[in-house]
Amino acid sequence: MSSNSTVEPKKIFKDAEDFLPINGTDYVEFYVGNAKQAAHFYKTAFGFQSLAYSGLETGDKEKTSYVLQQGKIRLILTSPITKDSPINDHLRTHGDGVKNVALWVDDARKSFEETTKRGAEVAFEPVVNKDDHGEVVTAGIKTYGETVHVFVERKNYNGTFLPGFREWNSHYNPPTAGLKYIDHMVGNVGWNEMNTWVEFYKNVMGFAQLVSFDDKDISTDYTALMSKVMTNGNGRIKFPINEPAEGKKKSQIEEYLDFYNGAGVQHIAVATDDIVSTVKQLKNNGVEFLYVPETYYDDVLDRVGEIEEDLAPLRELGILIDRDDEGYLLQLFTKPVADRPTLFFEIIQRKGAQSFGKGNFKALFEAIEREQGSRGTL
Ligand code: FE2
């Protein structure tokens with residue numbers, strides 16, 4: 001494996017096949033234990049806005065869903081309301097987590113055909129849903145673990161979200177935190193499964209490999225992992241795939257796999273244009289971030305060179321800095337957002353850099369290991 005090799009961007013996009021054009025992420029659906037309260041958390045803590053709702057009042061007798069929006073990011077929080085709903089099994093196995101990563105396409109049937117023809121397993125066949133605002137075609141294929149990619153074709157629809165949902169007008173509307181769009185979403189897969197899923201994204205989805213890290217790049221004294229980053233043709237969808245690597249102690253990927261009981265989405269990186277004010281606000285709202293040792297800032301500018309921002313607020317907020325050939329980036333990671341040490345968020349601001357913060361991995365993993373140590377799972 002070529003260590004930390006960044007491929008020329010133009011080459012990448014030529015490599016990515018065009019049988020699956022994707023406009024962007026449509027939504028991310030979480031299965032959670034209590035959607036009503038989770039929705040309150042994502043509004044209050046992360047600054048998401050109320051968008052749409054479905055449940056008993058809209059004729060759904062099995063589950064309740066709250067849809068939240070911030071910038072281009074749409075989250076659905078879904079909970080079962082009957083004992084026989086299969087969502088209960090998902091929750092028992094995985095806890096709160098990401099079930100559906102929906103991709104916005106112009107032709108959901110063709111997306112389904114092209115990917116299943118290339119070996120994708122069917123999650124659900126194309127289905128047309130209609131209401132007074134038009135129609136939406138969706139279809140689903142399986143990816144790692146129990147995670148599903150839903151293709152969403154909404155060109156003949158002008159409603160608030162999807163048929164079956166009604167507008168959610170809440171009297172409680174906390175300010176946004178400046179989150180704009182999903183920069184990348186990372187999957188954790190099992191031992192020696194990274195290349196299987198890299199091949200899946202290459203062969204079935206037509207993605208190209210952007211970059212790879214091996215355990216020499218991403219290791220501390222204790223833990224290690226390997227990672228490859230897959231991108232679609234227009235670069236709007238980036239899916240890094242992690243697998244654990246052998247270390248002296250249990251890696252954070254293994255800890256995730258143990259608690260999630262298999263492969264799943266590890267983190268969602270959301271972009272902001274002003275990371276200092278975004279992180280200040282999130283912290284004030286109660287979002288918990290990984291602690292970065294003060295010593296990180298002693299020599300960080302020697303490593304990354306000049307940056308436009310003052311170092312003081314970055315140090316105060318624990319924001320990390322990294323640089324590549326194209327520029328630099330600022331990033332910060334939350335602690336897990338639910339009870340199991342599984343899913344977390346990354347806040348990222350890119351100033352030219354198109355990479356993922358490799359230079360921060362060591363400092364970051366040492367921070368995660370301190371957390372693992374306190375959980376007794378290192
Ligand atoms: Fe990330």
# chains A, B, ... in the order shown; residues from 1 in each chain; ligands from 1
>>> select_by_dssp(residues="segment 154-340 of chain A", states="helix (DSSP H, G or I)", output="PDB file with N, CA, C and O atoms, in the first residue's frame")
ATOM      1  N   MET A 194     -11.318  -3.567   5.182  1.00  0.00           N
ATOM      2  CA  MET A 194     -11.238  -2.258   4.520  1.00  0.00           C
ATOM      3  C   MET A 194     -11.205  -2.406   3.002  1.00  0.00           C
ATOM      4  O   MET A 194     -11.962  -1.732   2.293  1.00  0.00           O
ATOM      5  N   ASN A 195     -10.356  -3.296   2.510  1.00  0.00           N
ATOM      6  CA  ASN A 195     -10.218  -3.390   1.050  1.00  0.00           C
ATOM      7  C   ASN A 195     -11.464  -3.937   0.367  1.00  0.00           C
ATOM      8  O   ASN A 195     -11.757  -3.574  -0.768  1.00  0.00           O
ATOM      9  N   THR A 196     -12.208  -4.786   1.080  1.00  0.00           N
ATOM     10  CA  THR A 196     -13.486  -5.271   0.531  1.00  0.00           C
ATOM     11  C   THR A 196     -14.409  -4.094   0.249  1.00  0.00           C
ATOM     12  O   THR A 196     -15.049  -4.014  -0.801  1.00  0.00           O
ATOM     13  N   TRP A 197     -14.463  -3.156   1.216  1.00  0.00           N
ATOM     14  CA  TRP A 197     -15.385  -2.023   1.060  1.00  0.00           C
ATOM     15  C   TRP A 197     -14.821  -0.959   0.132  1.00  0.00           C
ATOM     16  O   TRP A 197     -15.582  -0.260  -0.545  1.00  0.00           O
ATOM     17  N   VAL A 198     -13.504  -0.870   0.067  1.00  0.00           N
ATOM     18  CA  VAL A 198     -12.878   0.017  -0.925  1.00  0.00           C
ATOM     19  C   VAL A 198     -13.250  -0.471  -2.328  1.00  0.00           C
ATOM     20  O   VAL A 198     -13.649   0.302  -3.199  1.00  0.00           O
ATOM     21  N   GLU A 199     -13.190  -1.808  -2.514  1.00  0.00           N
ATOM     22  CA  GLU A 199     -13.563  -2.393  -3.812  1.00  0.00           C
ATOM     23  C   GLU A 199     -15.047  -2.183  -4.098  1.00  0.00           C
ATOM     24  O   GLU A 199     -15.438  -1.930  -5.241  1.00  0.00           O
ATOM     25  N   PHE A 200     -15.869  -2.290  -3.061  1.00  0.00           N
ATOM     26  CA  PHE A 200     -17.307  -2.033  -3.229  1.00  0.00           C
ATOM     27  C   PHE A 200     -17.536  -0.613  -3.760  1.00  0.00           C
ATOM     28  O   PHE A 200     -18.245  -0.405  -4.748  1.00  0.00           O
ATOM     29  N   TYR A 201     -16.906   0.365  -3.116  1.00  0.00           N
ATOM     30  CA  TYR A 201     -17.131   1.749  -3.560  1.00  0.00           C
ATOM     31  C   TYR A 201     -16.540   1.982  -4.956  1.00  0.00           C
ATOM     32  O   TYR A 201     -17.068   2.766  -5.733  1.00  0.00           O
ATOM     33  N   LYS A 202     -15.458   1.274  -5.264  1.00  0.00           N
ATOM     34  CA  LYS A 202     -14.845   1.403  -6.597  1.00  0.00           C
ATOM     35  C   LYS A 202     -15.726   0.747  -7.657  1.00  0.00           C
ATOM     36  O   LYS A 202     -16.128   1.379  -8.633  1.00  0.00           O
ATOM     37  N   ASN A 203     -16.015  -0.530  -7.461  1.00  0.00           N
ATOM     38  CA  ASN A 203     -16.649  -1.327  -8.521  1.00  0.00           C
ATOM     39  C   ASN A 203     -18.157  -1.160  -8.605  1.00  0.00           C
ATOM     40  O   ASN A 203     -18.723  -1.166  -9.691  1.00  0.00           O
ATOM     41  N   VAL A 204     -18.794  -1.033  -7.440  1.00  0.00           N
ATOM     42  CA  VAL A 204     -20.260  -0.989  -7.421  1.00  0.00           C
ATOM     43  C   VAL A 204     -20.769   0.454  -7.531  1.00  0.00           C
ATOM     44  O   VAL A 204     -21.773   0.721  -8.185  1.00  0.00           O
ATOM     45  N   GLN A 252      -9.349   2.355  19.041  1.00  0.00           N
ATOM     46  CA  GLN A 252     -10.680   2.986  19.085  1.00  0.00           C
ATOM     47  C   GLN A 252     -11.615   2.351  18.069  1.00  0.00           C
ATOM     48  O   GLN A 252     -12.826   2.336  18.261  1.00  0.00           O
ATOM     49  N   ILE A 253     -11.066   1.808  16.977  1.00  0.00           N
ATOM     50  CA  ILE A 253     -11.933   1.166  15.976  1.00  0.00           C
ATOM     51  C   ILE A 253     -12.527  -0.122  16.560  1.00  0.00           C
ATOM     52  O   ILE A 253     -13.700  -0.408  16.406  1.00  0.00           O
ATOM     53  N   GLU A 254     -11.664  -0.887  17.261  1.00  0.00           N
ATOM     54  CA  GLU A 254     -12.179  -2.109  17.907  1.00  0.00           C
ATOM     55  C   GLU A 254     -13.228  -1.774  18.960  1.00  0.00           C
ATOM     56  O   GLU A 254     -14.219  -2.483  19.101  1.00  0.00           O
ATOM     57  N   GLU A 255     -12.962  -0.724  19.711  1.00  0.00           N
ATOM     58  CA  GLU A 255     -13.933  -0.323  20.737  1.00  0.00           C
ATOM     59  C   GLU A 255     -15.276  -0.016  20.072  1.00  0.00           C
ATOM     60  O   GLU A 255     -16.343  -0.453  20.528  1.00  0.00           O
ATOM     61  N   TYR A 256     -15.212   0.707  18.951  1.00  0.00           N
ATOM     62  CA  TYR A 256     -16.434   1.019  18.196  1.00  0.00           C
ATOM     63  C   TYR A 256     -17.129  -0.279  17.764  1.00  0.00           C
ATOM     64  O   TYR A 256     -18.335  -0.458  17.967  1.00  0.00           O
ATOM     65  N   LEU A 257     -16.357  -1.184  17.151  1.00  0.00           N
ATOM     66  CA  LEU A 257     -16.939  -2.420  16.611  1.00  0.00           C
ATOM     67  C   LEU A 257     -17.582  -3.250  17.726  1.00  0.00           C
ATOM     68  O   LEU A 257     -18.628  -3.866  17.531  1.00  0.00           O
ATOM     69  N   ASP A 258     -16.950  -3.253  18.908  1.00  0.00           N
ATOM     70  CA  ASP A 258     -17.504  -3.986  20.047  1.00  0.00           C
ATOM     71  C   ASP A 258     -18.849  -3.417  20.482  1.00  0.00           C
ATOM     72  O   ASP A 258     -19.790  -4.143  20.749  1.00  0.00           O
ATOM     73  N   PHE A 259     -18.913  -2.090  20.584  1.00  0.00           N
ATOM     74  CA  PHE A 259     -20.128  -1.483  21.116  1.00  0.00           C
ATOM     75  C   PHE A 259     -21.220  -1.345  20.059  1.00  0.00           C
ATOM     76  O   PHE A 259     -22.408  -1.388  20.372  1.00  0.00           O
ATOM     77  N   TYR A 260     -20.813  -1.161  18.795  1.00  0.00           N
ATOM     78  CA  TYR A 260     -21.813  -1.064  17.725  1.00  0.00           C
ATOM     79  C   TYR A 260     -22.219  -2.467  17.257  1.00  0.00           C
ATOM     80  O   TYR A 260     -23.183  -2.625  16.539  1.00  0.00           O
ATOM     81  N   ILE A 275     -14.814  28.413  12.111  1.00  0.00           N
ATOM     82  CA  ILE A 275     -14.783  27.342  13.118  1.00  0.00           C
ATOM     83  C   ILE A 275     -14.712  27.898  14.537  1.00  0.00           C
ATOM     84  O   ILE A 275     -15.259  27.300  15.464  1.00  0.00           O
ATOM     85  N   VAL A 276     -14.076  29.065  14.709  1.00  0.00           N
ATOM     86  CA  VAL A 276     -13.956  29.620  16.058  1.00  0.00           C
ATOM     87  C   VAL A 276     -15.337  29.957  16.608  1.00  0.00           C
ATOM     88  O   VAL A 276     -15.695  29.559  17.723  1.00  0.00           O
ATOM     89  N   SER A 277     -16.165  30.665  15.810  1.00  0.00           N
ATOM     90  CA  SER A 277     -17.479  31.015  16.353  1.00  0.00           C
ATOM     91  C   SER A 277     -18.393  29.797  16.423  1.00  0.00           C
ATOM     92  O   SER A 277     -19.189  29.682  17.355  1.00  0.00           O
ATOM     93  N   THR A 278     -18.278  28.876  15.467  1.00  0.00           N
ATOM     94  CA  THR A 278     -19.092  27.648  15.534  1.00  0.00           C
ATOM     95  C   THR A 278     -18.782  26.862  16.803  1.00  0.00           C
ATOM     96  O   THR A 278     -19.689  26.475  17.549  1.00  0.00           O
ATOM     97  N   VAL A 279     -17.500  26.644  17.064  1.00  0.00           N
ATOM     98  CA  VAL A 279     -17.124  25.803  18.216  1.00  0.00           C
ATOM     99  C   VAL A 279     -17.444  26.503  19.539  1.00  0.00           C
ATOM    100  O   VAL A 279     -17.872  25.868  20.497  1.00  0.00           O
ATOM    101  N   LYS A 280     -17.255  27.833  19.568  1.00  0.00           N
ATOM    102  CA  LYS A 280     -17.631  28.589  20.770  1.00  0.00           C
ATOM    103  C   LYS A 280     -19.099  28.357  21.094  1.00  0.00           C
ATOM    104  O   LYS A 280     -19.472  28.060  22.222  1.00  0.00           O
ATOM    105  N   GLN A 281     -19.919  28.482  20.059  1.00  0.00           N
ATOM    106  CA  GLN A 281     -21.356  28.324  20.254  1.00  0.00           C
ATOM    107  C   GLN A 281     -21.711  26.896  20.669  1.00  0.00           C
ATOM    108  O   GLN A 281     -22.494  26.687  21.596  1.00  0.00           O
ATOM    109  N   LEU A 282     -21.125  25.908  19.985  1.00  0.00           N
ATOM    110  CA  LEU A 282     -21.432  24.513  20.323  1.00  0.00           C
ATOM    111  C   LEU A 282     -21.038  24.215  21.766  1.00  0.00           C
ATOM    112  O   LEU A 282     -21.758  23.536  22.500  1.00  0.00           O
ATOM    113  N   LYS A 283     -19.858  24.725  22.174  1.00  0.00           N
ATOM    114  CA  LYS A 283     -19.418  24.499  23.558  1.00  0.00           C
ATOM    115  C   LYS A 283     -20.384  25.123  24.555  1.00  0.00           C
ATOM    116  O   LYS A 283     -20.751  24.509  25.550  1.00  0.00           O
ATOM    117  N   ASN A 284     -20.783  26.369  24.241  1.00  0.00           N
ATOM    118  CA  ASN A 284     -21.751  27.031  25.121  1.00  0.00           C
ATOM    119  C   ASN A 284     -23.060  26.256  25.195  1.00  0.00           C
ATOM    120  O   ASN A 284     -23.752  26.271  26.209  1.00  0.00           O
ATOM    121  N   GLU A 294      -2.531  21.167  25.959  1.00  0.00           N
ATOM    122  CA  GLU A 294      -2.002  22.506  25.673  1.00  0.00           C
ATOM    123  C   GLU A 294      -0.678  22.427  24.906  1.00  0.00           C
ATOM    124  O   GLU A 294      -0.390  23.278  24.072  1.00  0.00           O
ATOM    125  N   THR A 295       0.117  21.399  25.205  1.00  0.00           N
ATOM    126  CA  THR A 295       1.437  21.275  24.583  1.00  0.00           C
ATOM    127  C   THR A 295       1.342  21.126  23.065  1.00  0.00           C
ATOM    128  O   THR A 295       2.291  21.423  22.357  1.00  0.00           O
ATOM    129  N   TYR A 296       0.168  20.699  22.571  1.00  0.00           N
ATOM    130  CA  TYR A 296      -0.045  20.591  21.126  1.00  0.00           C
ATOM    131  C   TYR A 296       0.267  21.921  20.446  1.00  0.00           C
ATOM    132  O   TYR A 296       0.781  21.953  19.333  1.00  0.00           O
ATOM    133  N   TYR A 297      -0.060  23.025  21.152  1.00  0.00           N
ATOM    134  CA  TYR A 297       0.070  24.352  20.529  1.00  0.00           C
ATOM    135  C   TYR A 297       1.482  24.927  20.622  1.00  0.00           C
ATOM    136  O   TYR A 297       1.781  25.918  19.973  1.00  0.00           O
ATOM    137  N   VAL A 300       2.926  23.808  17.134  1.00  0.00           N
ATOM    138  CA  VAL A 300       2.063  23.519  15.990  1.00  0.00           C
ATOM    139  C   VAL A 300       2.382  24.415  14.786  1.00  0.00           C
ATOM    140  O   VAL A 300       2.363  23.963  13.634  1.00  0.00           O
ATOM    141  N   LEU A 301       2.719  25.673  15.041  1.00  0.00           N
ATOM    142  CA  LEU A 301       2.992  26.573  13.907  1.00  0.00           C
ATOM    143  C   LEU A 301       4.320  26.232  13.223  1.00  0.00           C
ATOM    144  O   LEU A 301       4.495  26.514  12.038  1.00  0.00           O
ATOM    145  N   ASP A 302       5.230  25.612  13.961  1.00  0.00           N
ATOM    146  CA  ASP A 302       6.465  25.121  13.310  1.00  0.00           C
ATOM    147  C   ASP A 302       6.111  24.038  12.299  1.00  0.00           C
ATOM    148  O   ASP A 302       6.740  23.911  11.261  1.00  0.00           O
ATOM    149  N   ARG A 303       5.098  23.257  12.647  1.00  0.00           N
ATOM    150  CA  ARG A 303       4.696  22.160  11.773  1.00  0.00           C
ATOM    151  C   ARG A 303       3.862  22.646  10.590  1.00  0.00           C
ATOM    152  O   ARG A 303       4.083  22.239   9.454  1.00  0.00           O
ATOM    153  N   VAL A 304       2.888  23.532  10.847  1.00  0.00           N
ATOM    154  CA  VAL A 304       1.942  23.896   9.772  1.00  0.00           C
ATOM    155  C   VAL A 304       2.253  25.236   9.098  1.00  0.00           C
ATOM    156  O   VAL A 304       1.642  25.569   8.085  1.00  0.00           O
ATOM    157  N   LEU A 311      -3.716  32.322  17.100  1.00  0.00           N
ATOM    158  CA  LEU A 311      -3.574  31.008  17.731  1.00  0.00           C
ATOM    159  C   LEU A 311      -4.347  30.925  19.058  1.00  0.00           C
ATOM    160  O   LEU A 311      -4.854  29.865  19.422  1.00  0.00           O
ATOM    161  N   ALA A 312      -4.446  32.080  19.751  1.00  0.00           N
ATOM    162  CA  ALA A 312      -5.035  32.058  21.104  1.00  0.00           C
ATOM    163  C   ALA A 312      -6.433  31.431  21.159  1.00  0.00           C
ATOM    164  O   ALA A 312      -6.664  30.519  21.958  1.00  0.00           O
ATOM    165  N   PRO A 313      -7.385  31.897  20.319  1.00  0.00           N
ATOM    166  CA  PRO A 313      -8.715  31.259  20.390  1.00  0.00           C
ATOM    167  C   PRO A 313      -8.704  29.792  19.972  1.00  0.00           C
ATOM    168  O   PRO A 313      -9.493  28.993  20.487  1.00  0.00           O
ATOM    169  N   LEU A 314      -7.797  29.430  19.053  1.00  0.00           N
ATOM    170  CA  LEU A 314      -7.716  28.021  18.646  1.00  0.00           C
ATOM    171  C   LEU A 314      -7.257  27.183  19.835  1.00  0.00           C
ATOM    172  O   LEU A 314      -7.795  26.103  20.112  1.00  0.00           O
ATOM    173  N   ARG A 315      -6.255  27.701  20.538  1.00  0.00           N
ATOM    174  CA  ARG A 315      -5.733  27.001  21.719  1.00  0.00           C
ATOM    175  C   ARG A 315      -6.802  26.890  22.803  1.00  0.00           C
ATOM    176  O   ARG A 315      -7.003  25.834  23.396  1.00  0.00           O
ATOM    177  N   GLU A 316      -7.511  28.008  22.995  1.00  0.00           N
ATOM    178  CA  GLU A 316      -8.533  28.036  24.038  1.00  0.00           C
ATOM    179  C   GLU A 316      -9.640  27.019  23.757  1.00  0.00           C
ATOM    180  O   GLU A 316     -10.157  26.381  24.666  1.00  0.00           O
ATOM    181  N   LEU A 317      -9.989  26.864  22.476  1.00  0.00           N
ATOM    182  CA  LEU A 317     -11.093  25.971  22.119  1.00  0.00           C
ATOM    183  C   LEU A 317     -10.612  24.554  21.789  1.00  0.00           C
ATOM    184  O   LEU A 317     -11.423  23.655  21.606  1.00  0.00           O
TER     185      LEU A 317
END
>>> residues_around(residues="segment 129-135 of chain A", least_positions_apart="2", cutoff="8 Å", atoms="only C-alpha atoms", output="PyMOL selection string")
chain A and resi 127+137+154+156-159+163-164
>>> write_last_selection(atoms="all heavy atoms", output="compact mmCIF listing (two decimals), in the first residue's frame")
# COMPACT_ATOMS: atom_id res chain seq x y z
N VAL A 127 -39.24 2.59 -5.20
CA VAL A 127 -40.62 2.84 -4.78
C VAL A 127 -40.93 4.31 -5.05
O VAL A 127 -40.07 5.18 -4.91
CB VAL A 127 -40.83 2.45 -3.29
CG1 VAL A 127 -39.79 3.10 -2.40
CG2 VAL A 127 -42.22 2.79 -2.81
N VAL A 137 -38.91 9.29 -5.99
CA VAL A 137 -38.55 7.89 -6.18
C VAL A 137 -37.37 7.59 -5.27
O VAL A 137 -36.37 8.34 -5.27
CB VAL A 137 -38.16 7.59 -7.64
CG1 VAL A 137 -37.99 6.08 -7.85
CG2 VAL A 137 -39.18 8.16 -8.62
N ARG A 154 -35.70 13.50 -6.45
CA ARG A 154 -36.73 14.44 -6.02
C ARG A 154 -37.01 15.53 -7.05
O ARG A 154 -37.53 16.59 -6.70
CB ARG A 154 -36.38 15.04 -4.66
CG ARG A 154 -34.97 15.59 -4.55
CD ARG A 154 -34.73 16.38 -3.25
NE ARG A 154 -34.67 15.62 -2.02
CZ ARG A 154 -35.65 15.58 -1.10
NH1 ARG A 154 -36.77 16.26 -1.29
NH2 ARG A 154 -35.50 14.89 0.00
N ASN A 156 -39.18 15.76 -9.30
CA ASN A 156 -40.60 16.04 -9.53
C ASN A 156 -41.34 16.30 -8.22
O ASN A 156 -42.49 15.94 -8.05
CB ASN A 156 -41.25 14.87 -10.28
CG ASN A 156 -40.63 14.69 -11.64
OD1 ASN A 156 -40.42 15.66 -12.37
ND2 ASN A 156 -40.29 13.45 -11.99
N TYR A 157 -40.61 16.92 -7.27
CA TYR A 157 -41.21 17.16 -5.95
C TYR A 157 -40.87 18.56 -5.46
O TYR A 157 -39.73 19.00 -5.58
CB TYR A 157 -40.68 16.13 -4.95
CG TYR A 157 -41.45 16.12 -3.66
CD1 TYR A 157 -42.75 15.67 -3.62
CD2 TYR A 157 -40.88 16.60 -2.47
CE1 TYR A 157 -43.48 15.68 -2.44
CE2 TYR A 157 -41.60 16.60 -1.29
CZ TYR A 157 -42.90 16.14 -1.28
OH TYR A 157 -43.62 16.15 -0.12
N ASN A 158 -41.88 19.26 -4.93
CA ASN A 158 -41.60 20.59 -4.37
C ASN A 158 -42.14 20.77 -2.96
O ASN A 158 -42.37 21.88 -2.51
CB ASN A 158 -42.11 21.71 -5.31
CG ASN A 158 -43.62 21.63 -5.49
OD1 ASN A 158 -44.30 20.92 -4.73
ND2 ASN A 158 -44.16 22.35 -6.45
N GLY A 159 -42.33 19.66 -2.25
CA GLY A 159 -42.78 19.75 -0.86
C GLY A 159 -41.62 20.04 0.09
O GLY A 159 -40.48 20.22 -0.34
N PRO A 163 -42.74 12.98 0.60
CA PRO A 163 -44.13 12.59 0.82
C PRO A 163 -44.22 11.77 2.11
O PRO A 163 -43.32 10.99 2.41
CB PRO A 163 -44.45 11.72 -0.40
CG PRO A 163 -43.50 12.20 -1.46
CD PRO A 163 -42.25 12.56 -0.73
N GLY A 164 -45.29 11.98 2.87
CA GLY A 164 -45.44 11.27 4.14
C GLY A 164 -45.02 12.14 5.32
O GLY A 164 -45.34 11.84 6.46
>>> residues_around(residues="segment 324-337 of chain A", least_positions_apart="2", cutoff="8 Å", atoms="only C-alpha atoms", output="NGL selection string")
:A and (275 or 287-290 or 304 or 307 or 318-322 or 339-355 or 357)
>>> residues_near_ligand(ligand="ligand 1", cutoff="7 Å", atoms="only C-alpha atoms and all ligand atoms", output="ChimeraX atom specification")
/A:184,186,267,269,346,356
>>> write_last_selection(atoms="all heavy atoms", output="PDB file, in the first residue's frame")
ATOM      1  N   HIS A 184     -17.391  14.934   4.929  1.00  0.00           N
ATOM      2  CA  HIS A 184     -17.157  13.507   4.702  1.00  0.00           C
ATOM      3  C   HIS A 184     -17.822  12.696   5.816  1.00  0.00           C
ATOM      4  O   HIS A 184     -18.158  13.245   6.861  1.00  0.00           O
ATOM      5  CB  HIS A 184     -15.652  13.175   4.608  1.00  0.00           C
ATOM      6  CG  HIS A 184     -14.850  13.532   5.830  1.00  0.00           C
ATOM      7  ND1 HIS A 184     -14.352  14.803   6.063  1.00  0.00           N
ATOM      8  CD2 HIS A 184     -14.451  12.788   6.902  1.00  0.00           C
ATOM      9  CE1 HIS A 184     -13.683  14.813   7.205  1.00  0.00           C
ATOM     10  NE2 HIS A 184     -13.727  13.617   7.747  1.00  0.00           N
ATOM     11  N   VAL A 186     -17.354   8.872   7.764  1.00  0.00           N
ATOM     12  CA  VAL A 186     -16.384   7.786   7.887  1.00  0.00           C
ATOM     13  C   VAL A 186     -17.059   6.511   8.358  1.00  0.00           C
ATOM     14  O   VAL A 186     -17.870   6.534   9.286  1.00  0.00           O
ATOM     15  CB  VAL A 186     -15.275   8.188   8.884  1.00  0.00           C
ATOM     16  CG1 VAL A 186     -14.254   7.068   9.039  1.00  0.00           C
ATOM     17  CG2 VAL A 186     -14.599   9.475   8.432  1.00  0.00           C
ATOM     18  N   HIS A 267     -17.930   8.626  12.143  1.00  0.00           N
ATOM     19  CA  HIS A 267     -18.135  10.058  12.377  1.00  0.00           C
ATOM     20  C   HIS A 267     -18.616  10.776  11.135  1.00  0.00           C
ATOM     21  O   HIS A 267     -18.419  10.328  10.018  1.00  0.00           O
ATOM     22  CB  HIS A 267     -16.911  10.730  13.002  1.00  0.00           C
ATOM     23  CG  HIS A 267     -15.731  10.995  12.113  1.00  0.00           C
ATOM     24  ND1 HIS A 267     -14.652  10.147  12.019  1.00  0.00           N
ATOM     25  CD2 HIS A 267     -15.439  12.043  11.313  1.00  0.00           C
ATOM     26  CE1 HIS A 267     -13.748  10.671  11.208  1.00  0.00           C
ATOM     27  NE2 HIS A 267     -14.194  11.815  10.736  1.00  0.00           N
ATOM     28  N   ALA A 269     -18.373  14.431   9.426  1.00  0.00           N
ATOM     29  CA  ALA A 269     -17.630  15.697   9.469  1.00  0.00           C
ATOM     30  C   ALA A 269     -18.474  16.775   8.812  1.00  0.00           C
ATOM     31  O   ALA A 269     -18.902  16.637   7.663  1.00  0.00           O
ATOM     32  CB  ALA A 269     -16.297  15.557   8.748  1.00  0.00           C
ATOM     33  N   GLU A 346     -17.292  15.586  13.640  1.00  0.00           N
ATOM     34  CA  GLU A 346     -16.097  16.400  13.439  1.00  0.00           C
ATOM     35  C   GLU A 346     -16.571  17.747  12.907  1.00  0.00           C
ATOM     36  O   GLU A 346     -17.474  17.796  12.073  1.00  0.00           O
ATOM     37  CB  GLU A 346     -15.184  15.719  12.400  1.00  0.00           C
ATOM     38  CG  GLU A 346     -14.014  16.582  11.931  1.00  0.00           C
ATOM     39  CD  GLU A 346     -13.157  15.880  10.860  1.00  0.00           C
ATOM     40  OE1 GLU A 346     -13.327  14.652  10.627  1.00  0.00           O
ATOM     41  OE2 GLU A 346     -12.334  16.566  10.246  1.00  0.00           O
ATOM     42  N   PHE A 356      -7.299  15.218   5.283  1.00  0.00           N
ATOM     43  CA  PHE A 356      -8.172  14.872   6.406  1.00  0.00           C
ATOM     44  C   PHE A 356      -7.522  15.033   7.783  1.00  0.00           C
ATOM     45  O   PHE A 356      -8.018  14.506   8.763  1.00  0.00           O
ATOM     46  CB  PHE A 356      -8.712  13.450   6.202  1.00  0.00           C
ATOM     47  CG  PHE A 356      -9.554  13.360   4.969  1.00  0.00           C
ATOM     48  CD1 PHE A 356      -8.960  13.150   3.737  1.00  0.00           C
ATOM     49  CD2 PHE A 356     -10.916  13.567   5.030  1.00  0.00           C
ATOM     50  CE1 PHE A 356      -9.727  13.123   2.576  1.00  0.00           C
ATOM     51  CE2 PHE A 356     -11.690  13.552   3.883  1.00  0.00           C
ATOM     52  CZ  PHE A 356     -11.094  13.320   2.649  1.00  0.00           C
TER      53      PHE A 356
END
>>> closest_residue(among="A:Met205, A:Ile182, A:Val105, A:Ala245", to="Lys117 of chain A", atoms="only C-alpha atoms")
A:Met205
>>> closest_residue(among="A:Glu17, A:Glu366, A:Asp96, A:Asp60", to="Ala338 of chain A", atoms="only C-alpha atoms")
A:Asp96
>>> closest_residue(among="A:Ala45, A:Val32, A:Ala263, A:Leu179", to="Glu193 of chain A", atoms="only C-alpha atoms")
A:Ala263
>>> closest_residue(among="A:Thr143, A:Ile241, A:His149, A:Ser79", to="Gly95 of chain A", atoms="only C-alpha atoms")
A:Ser79
>>> atom_distance(atom1="atom CA of Ala367 of chain A", atom2="atom CA of Pro293 of chain A")
7.9 Å
>>> closest_residue(among="A:Val229, A:Val148, A:Ile76, A:Ala102", to="Phe124 of chain A", atoms="only C-alpha atoms")
A:Val148
>>> atom_distance(atom1="atom CA of Thr377 of chain A", atom2="atom CA of Met185 of chain A")
24.3 Å
>>> select_by_dssp(residues="segment 168-289 of chain A", states="strand (DSSP E)", output="JSON, numbers by chain")
{"A": [179, 180, 181, 182, 183, 184, 185, 186, 187, 188, 208, 209, 210, 211, 212, 213, 224, 225, 226, 227, 228, 229, 230, 231, 238, 239, 240, 241, 242, 243, 244, 245, 264, 265, 266, 267, 268, 269, 270, 271, 272]}
>>> atom_distance(atom1="atom CA of Arg166 of chain A", atom2="atom CA of Gln69 of chain A")
14.3 Å
>>> residues_around(residues="Asp26 of chain A", least_positions_apart="2", cutoff="8 Å", atoms="only C-alpha atoms", output="JSON, numbers by chain")
{"A": [24, 28, 73, 74, 101, 102, 103, 104, 152]}
>>> closest_residue(among="A:Thr138, A:Thr160, A:Thr272, A:Asn261", to="Val67 of chain A", atoms="only C-alpha atoms")
A:Thr160
>>> residues_around(residues="Val189 of chain A", least_positions_apart="6", cutoff="8 Å", atoms="only C-alpha atoms", output="VMD selection string")
chain A and resid 144 to 145 241 to 244 257 262 to 264
